[in-house]
file input21.cif (mmCIF, C-alpha atoms)
data_data
#
loop_
_atom_site.label_atom_id
_atom_site.label_comp_id
_atom_site.auth_asym_id
_atom_site.auth_seq_id
_atom_site.Cartn_x
_atom_site.Cartn_y
_atom_site.Cartn_z
CA GLU L 1 -9.06 5.85 -16.68
CA ALA L 2 -10.47 2.71 -15.11
CA GLY L 3 -8.83 1.74 -11.85
CA VAL L 4 -7.50 -1.56 -10.62
CA VAL L 5 -10.32 -4.09 -10.49
CA GLN L 6 -10.35 -6.96 -8.02
CA SER L 7 -12.81 -9.77 -7.46
CA PRO L 8 -14.39 -11.06 -5.40
CA ARG L 9 -14.81 -8.29 -2.83
CA TYR L 10 -15.50 -10.73 -0.02
CA LYS L 11 -14.85 -14.44 0.43
CA ILE L 12 -15.64 -16.72 3.36
CA ILE L 13 -14.23 -20.23 3.29
CA GLU L 14 -13.51 -23.03 5.71
CA LYS L 15 -9.92 -23.87 6.54
CA LYS L 16 -8.19 -26.31 4.21
CA GLN L 17 -10.32 -25.12 1.29
CA PRO L 18 -8.75 -23.46 -1.78
CA VAL L 19 -9.43 -19.86 -2.75
CA ALA L 20 -8.46 -17.63 -5.66
CA PHE L 21 -8.39 -13.88 -6.16
CA TRP L 22 -8.37 -12.07 -9.48
CA CYS L 23 -6.91 -8.70 -10.44
CA ASN L 24 -7.12 -6.56 -13.56
CA PRO L 25 -4.58 -3.72 -13.44
CA ILE L 26 -4.77 -0.29 -14.99
CA SER L 27 -4.22 -0.50 -18.73
CA GLY L 28 -0.59 0.05 -19.64
CA HIS L 29 0.76 -0.60 -16.16
CA ASN L 30 3.63 -3.04 -16.49
CA THR L 31 4.14 -3.68 -12.80
CA LEU L 32 1.64 -5.55 -10.65
CA TYR L 33 1.77 -6.18 -6.92
CA TRP L 34 -0.11 -8.38 -4.51
CA TYR L 35 -0.18 -7.15 -0.93
CA ARG L 36 -1.75 -8.61 2.17
CA GLN L 37 -3.11 -6.35 4.89
CA ASN L 38 -3.86 -7.71 8.33
CA LEU L 39 -6.14 -5.83 10.71
CA GLY L 40 -4.41 -2.77 12.15
CA GLN L 41 -1.35 -3.20 9.97
CA GLY L 42 -0.02 -1.72 6.77
CA PRO L 43 0.00 -3.62 3.50
CA GLU L 44 2.79 -6.20 3.19
CA LEU L 45 4.16 -7.25 -0.18
CA LEU L 46 3.56 -10.83 -1.27
CA ILE L 47 4.73 -10.75 -4.87
CA ARG L 48 5.68 -8.24 -7.56
CA TYR L 49 5.49 -8.76 -11.30
CA GLU L 50 7.12 -6.84 -14.10
CA ASN L 51 5.08 -7.81 -17.13
CA GLU L 52 4.67 -11.58 -16.74
CA GLU L 53 7.84 -12.14 -14.71
CA ALA L 54 7.70 -12.48 -10.93
CA VAL L 55 10.68 -10.33 -9.93
CA ASP L 56 10.15 -10.44 -6.17
CA ASP L 57 8.32 -13.31 -4.49
CA SER L 58 10.51 -13.55 -1.41
CA GLN L 59 7.56 -12.86 0.91
CA LEU L 60 5.16 -15.34 -0.73
CA PRO L 61 4.55 -18.49 1.39
CA LYS L 62 5.23 -20.82 -1.47
CA ASP L 63 4.03 -23.95 0.25
CA ARG L 64 0.42 -22.79 -0.03
CA PHE L 65 0.37 -19.61 -2.10
CA SER L 66 0.79 -19.34 -5.85
CA ALA L 67 0.33 -16.54 -8.33
CA GLU L 68 0.40 -16.05 -12.03
CA ARG L 69 0.18 -13.19 -14.48
CA LEU L 70 -0.58 -14.52 -17.88
CA LYS L 71 0.26 -12.31 -20.87
CA GLY L 72 1.44 -9.63 -18.50
CA VAL L 73 -2.03 -8.26 -17.78
CA ASP L 74 -4.49 -9.97 -15.39
CA SER L 75 -3.24 -11.83 -12.37
CA THR L 76 -4.58 -14.46 -9.99
CA LEU L 77 -3.44 -15.26 -6.48
CA LYS L 78 -4.31 -18.66 -5.07
CA ILE L 79 -4.17 -20.17 -1.60
CA GLN L 80 -4.40 -23.92 -1.20
CA PRO L 81 -5.11 -25.01 1.45
CA ALA L 82 -6.23 -21.94 3.39
CA GLU L 83 -5.41 -21.58 7.08
CA LEU L 84 -7.08 -19.51 9.77
CA GLY L 85 -4.14 -17.10 9.76
CA ASP L 86 -4.73 -16.28 6.10
CA SER L 87 -7.76 -14.14 7.02
CA ALA L 88 -6.85 -10.67 5.77
CA VAL L 89 -7.50 -8.19 2.97
CA TYR L 90 -5.64 -9.06 -0.22
CA LEU L 91 -4.81 -5.97 -2.23
CA CYS L 92 -3.70 -5.79 -5.82
CA ALA L 93 -1.86 -2.72 -7.11
CA SER L 94 -0.31 -1.67 -10.37
CA SER L 95 2.11 0.98 -11.51
CA LEU L 96 4.02 2.16 -14.51
CA TRP L 97 7.57 0.89 -14.77
CA GLY L 98 10.31 3.17 -13.55
CA ARG L 99 11.17 5.61 -10.86
CA ASN L 100 8.61 7.81 -9.16
CA SER L 101 5.66 5.68 -10.18
CA PRO L 102 3.16 5.44 -7.32
CA LEU L 103 1.09 2.34 -6.76
CA HIS L 104 -2.60 2.39 -7.60
CA PHE L 105 -4.59 -0.04 -5.49
CA GLY L 106 -7.78 -1.94 -6.07
CA ASN L 107 -10.44 -2.18 -3.36
CA GLY L 108 -9.14 -5.54 -2.20
CA THR L 109 -10.64 -8.91 -1.36
CA ARG L 110 -11.51 -9.50 2.27
CA LEU L 111 -10.87 -13.17 3.05
CA THR L 112 -12.31 -14.82 6.13
CA VAL L 113 -11.17 -18.35 6.91
CA THR L 114 -13.34 -20.15 9.48
CA ASP P 115 11.77 -5.35 12.19
CA GLN P 116 9.53 -2.43 11.29
CA GLN P 117 11.46 -0.31 8.79
CA VAL P 118 8.70 2.27 8.47
CA LYS P 119 7.03 3.41 11.66
CA GLN P 120 3.96 5.47 12.34
CA ASN P 121 3.99 5.78 16.09
CA SER P 122 0.66 7.55 16.48
CA PRO P 123 -2.19 5.12 15.82
CA SER P 124 -4.77 7.90 15.90
CA LEU P 125 -5.15 11.66 15.74
CA SER P 126 -8.13 13.99 16.21
CA VAL P 127 -8.15 17.50 14.81
CA GLN P 128 -10.75 20.24 14.67
CA GLU P 129 -12.07 21.18 11.23
CA GLY P 130 -10.09 24.04 9.71
CA ARG P 131 -6.97 23.37 11.77
CA ILE P 132 -3.75 21.72 10.66
CA SER P 133 -3.31 17.94 10.76
CA ILE P 134 0.26 16.69 11.09
CA LEU P 135 0.92 13.00 10.54
CA ASN P 136 4.39 11.64 11.23
CA CYS P 137 6.44 8.78 9.88
CA ASP P 138 9.93 7.52 10.76
CA TYR P 139 12.10 5.11 8.83
CA THR P 140 15.25 3.20 9.62
CA ASN P 141 16.70 2.23 6.25
CA SER P 142 19.05 4.92 4.93
CA MET P 143 18.67 3.41 1.44
CA PHE P 144 15.07 4.62 1.21
CA ASP P 145 14.90 7.44 -1.29
CA TYR P 146 11.27 7.69 -2.38
CA PHE P 147 8.37 8.22 -0.03
CA LEU P 148 4.62 8.24 -0.49
CA TRP P 149 1.50 8.93 1.51
CA TYR P 150 -1.75 7.05 1.01
CA LYS P 151 -5.24 7.63 2.36
CA LYS P 152 -7.58 4.75 3.03
CA TYR P 153 -11.32 4.82 3.63
CA PRO P 154 -13.10 1.76 5.08
CA ALA P 155 -13.74 -1.03 2.57
CA GLU P 156 -11.65 0.71 -0.08
CA GLY P 157 -8.08 0.31 -1.24
CA PRO P 158 -5.42 2.89 -0.33
CA THR P 159 -5.46 5.98 -2.56
CA PHE P 160 -2.24 7.73 -3.50
CA LEU P 161 -1.98 11.26 -2.06
CA ILE P 162 1.47 12.70 -2.49
CA SER P 163 5.07 11.61 -2.85
CA ILE P 164 8.53 13.01 -2.32
CA SER P 165 11.94 12.06 -3.61
CA SER P 166 14.98 12.24 -1.35
CA ILE P 167 16.45 15.01 -3.49
CA LYS P 168 13.75 17.31 -2.10
CA ASP P 169 12.79 18.29 1.42
CA LYS P 170 9.28 19.51 0.64
CA ASN P 171 6.52 18.75 -1.83
CA GLU P 172 3.19 20.49 -1.96
CA ASP P 173 -0.12 19.61 -3.61
CA GLY P 174 -3.06 21.77 -2.69
CA ARG P 175 -3.88 21.30 0.98
CA PHE P 176 -1.29 18.53 1.35
CA THR P 177 2.41 19.10 2.01
CA VAL P 178 4.99 16.46 2.74
CA PHE P 179 8.24 17.34 4.50
CA LEU P 180 11.30 15.12 4.49
CA ASN P 181 14.13 15.34 7.02
CA LYS P 182 16.75 12.88 5.77
CA SER P 183 19.17 13.36 8.65
CA ALA P 184 16.42 12.48 11.13
CA LYS P 185 14.92 9.82 8.84
CA HIS P 186 11.57 11.45 9.36
CA LEU P 187 8.76 12.63 7.15
CA SER P 188 5.50 14.32 7.90
CA LEU P 189 2.27 15.06 6.09
CA HIS P 190 0.57 18.38 6.75
CA ILE P 191 -3.07 18.90 5.83
CA VAL P 192 -4.21 22.52 5.93
CA PRO P 193 -7.03 23.23 6.45
CA SER P 194 -8.36 19.89 7.63
CA GLN P 195 -11.82 18.90 6.46
CA PRO P 196 -14.22 16.22 7.72
CA GLY P 197 -13.73 14.33 4.44
CA ASP P 198 -10.06 13.92 5.35
CA SER P 199 -11.06 11.49 8.10
CA ALA P 200 -9.38 8.24 7.07
CA VAL P 201 -6.38 6.06 7.81
CA TYR P 202 -3.13 7.47 6.42
CA PHE P 203 -0.21 5.24 5.50
CA CYS P 204 3.29 6.32 4.68
CA ALA P 205 5.39 4.12 2.44
CA ALA P 206 9.05 4.10 1.56
CA SER P 207 11.16 2.46 -1.08
CA PRO P 208 14.86 1.83 -1.58
CA SER P 209 16.21 2.71 -4.98
CA THR P 210 16.69 -0.26 -7.25
CA SER P 211 17.56 -0.65 -10.84
CA GLY P 212 13.94 -0.76 -11.84
CA THR P 213 10.63 -0.36 -10.14
CA TYR P 214 10.24 0.13 -6.47
CA LYS P 215 9.55 -2.18 -3.55
CA TYR P 216 7.28 -0.23 -1.23
CA ILE P 217 7.26 -0.81 2.51
CA PHE P 218 4.31 0.56 4.43
CA GLY P 219 3.87 1.82 7.94
CA THR P 220 1.04 0.65 10.17
CA GLY P 221 -1.11 3.72 9.57
CA THR P 222 -2.54 6.64 11.55
CA ARG P 223 -6.29 7.08 11.83
CA LEU P 224 -7.18 10.74 11.41
CA LYS P 225 -10.50 12.04 12.63
CA VAL P 226 -11.44 15.59 11.69
CA LEU P 227 -14.12 16.94 13.97
CA ALA P 228 -16.75 19.27 12.54
#
call {"tool": "encode", "arguments": {"input": "input21.cif", "output": "structure tokens"}}
result
Amino acid sequence: EAGVVQSPRYKIIEKKQPVAFWCNPISGHNTLYWYRQNLGQGPELLIRYENEEAVDDSQLPKDRFSAERLKGVDSTLKIQPAELGDSAVYLCASSLWGRNSPLHFGNGTRLTVT
Amino acid sequence: DQQVKQNSPSLSVQEGRISILNCDYTNSMFDYFLWYKKYPAEGPTFLISISSIKDKNEDGRFTVFLNKSAKHLSLHIVPSQPGDSAVYFCAASPSTSGTYKYIFGTGTRLKVLA
């Protein structure tokens, strides 16, 4: 099966500019996650979707971050405006709904804000 | 407050020997645990999981042990191979009514020496 696809792989922008990341989950996976991973740290959850509903966005900085998952498949994560501290790897993951369903990650987008 | 801790940032092991990676957690509500392996410039890859109803789960060269009273789990790799060199993350999740919210540790970098 095809894995989780993310684009772009790398993005360099100046601070205060907008940026968007795209994710295509594994076919049939109802649940989609966006994680952020800072250097030397583990992934931290930003938002979790079940189908098209955001069921956990408590960690999403809503003043500058937004996300959507139209039709319960692809998802985009947007930052506007970007800040220096947003430099990180943004990981998308998907899983089947239910217990004992491990996450399957994409290769991530490495964002550098200058 | 780090709920999932990997206190060893790095570990070096000789090829053919056992690698033991440790993980501690603080939340007694965690009942599902996973290990991921991450190569540079790639997303984390699922390795093995364990539910709190078990104390051991085995998959080929990988075995995960869970000690609920100590809130500790470990990943054993036997025998270690150079291709196992990567960063290993443990993740834990509290049971909810639906899908899981996974919390990751900070990772342990394993280097297997040929």
call {"tool": "resolve_selection", "arguments": {"input": "input21.cif", "expression": "the PyMOL selection byres ((chain P) within 7 of (chain L))", "output": "JSON, numbers by chain"}}
result
{"P": [155, 156, 157, 158, 159, 160, 212, 213, 218, 219, 220, 221]}
call {"tool": "write_last_selection", "arguments": {"input": "input21.cif", "atoms": "C-alpha atoms", "output": "short mmCIF file (atom, residue, chain, number, x, y, z; two decimals), in the coordinates of the input"}}
result
data_model
loop_
_atom_site.label_atom_id
_atom_site.label_comp_id
_atom_site.auth_asym_id
_atom_site.auth_seq_id
_atom_site.Cartn_x
_atom_site.Cartn_y
_atom_site.Cartn_z
CA ALA P 155 -13.74 -1.03 2.57
CA GLU P 156 -11.65 0.71 -0.08
CA GLY P 157 -8.08 0.31 -1.24
CA PRO P 158 -5.42 2.89 -0.33
CA THR P 159 -5.46 5.98 -2.56
CA PHE P 160 -2.24 7.73 -3.50
CA GLY P 212 13.94 -0.76 -11.84
CA THR P 213 10.63 -0.36 -10.14
CA PHE P 218 4.31 0.56 4.43
CA GLY P 219 3.87 1.82 7.94
CA THR P 220 1.04 0.65 10.17
CA GLY P 221 -1.11 3.72 9.57
#
call {"tool": "resolve_selection", "arguments": {"input": "input21.cif", "expression": "the PyMOL selection byres ((chain P and resi 206) around 10)", "output": "list of chain:residue names"}}
result
P:Gln117, P:Val118, P:Cys137, P:Asp138, P:Tyr139, P:Asn141, P:Met143, P:Phe144, P:Asp145, P:Tyr146, P:Phe147, P:Leu148, P:Trp149, P:Ser163, P:Ile164, P:Ser165, P:Cys204, P:Ala205, P:Ser207, P:Pro208, P:Ser209, P:Tyr214, P:Lys215, P:Tyr216, P:Ile217, P:Phe218, P:Gly219
call {"tool": "closest_residue", "arguments": {"input": "input21.cif", "among": "P:Ser133, P:Val192, P:Ser199, P:His186", "to": "P:Asn121", "atoms": "all atoms listed in the file"}}
result
P:His186
call {"tool": "atom_distance", "arguments": {"input": "input21.cif", "atom1": "atom CA of P:Gln128", "atom2": "atom CA of P:Gly197"}}
result
12.2 Å
call {"tool": "resolve_selection", "arguments": {"input": "input21.cif", "expression": "the PyMOL selection byres ((chain L and resi 62) around 12)", "output": "mmCIF file with C-alpha atoms, in the coordinates of the input"}}
result
data_model
loop_
_atom_site.group_PDB
_atom_site.id
_atom_site.type_symbol
_atom_site.label_atom_id
_atom_site.label_comp_id
_atom_site.auth_asym_id
_atom_site.auth_seq_id
_atom_site.Cartn_x
_atom_site.Cartn_y
_atom_site.Cartn_z
ATOM 1 C CA LEU L 46 3.560 -10.830 -1.270
ATOM 2 C CA ILE L 47 4.730 -10.750 -4.870
ATOM 3 C CA ASP L 57 8.320 -13.310 -4.490
ATOM 4 C CA SER L 58 10.510 -13.550 -1.410
ATOM 5 C CA GLN L 59 7.560 -12.860 0.910
ATOM 6 C CA LEU L 60 5.160 -15.340 -0.730
ATOM 7 C CA PRO L 61 4.550 -18.490 1.390
ATOM 8 C CA ASP L 63 4.030 -23.950 0.250
ATOM 9 C CA ARG L 64 0.420 -22.790 -0.030
ATOM 10 C CA PHE L 65 0.370 -19.610 -2.100
ATOM 11 C CA SER L 66 0.790 -19.340 -5.850
ATOM 12 C CA ALA L 67 0.330 -16.540 -8.330
ATOM 13 C CA LEU L 77 -3.440 -15.260 -6.480
ATOM 14 C CA LYS L 78 -4.310 -18.660 -5.070
ATOM 15 C CA ILE L 79 -4.170 -20.170 -1.600
ATOM 16 C CA GLN L 80 -4.400 -23.920 -1.200
ATOM 17 C CA PRO L 81 -5.110 -25.010 1.450
#
call {"tool": "closest_residue", "arguments": {"input": "input21.cif", "among": "L:Ser27, L:Gly72, L:Ser7, L:Thr112", "to": "L:Leu84", "atoms": "all atoms listed in the file"}}
result
L:Thr112
call {"tool": "atom_distance", "arguments": {"input": "input21.cif", "atom1": "atom CA of P:Lys225", "atom2": "atom CA of P:Tyr202"}}
result
10.7 Å
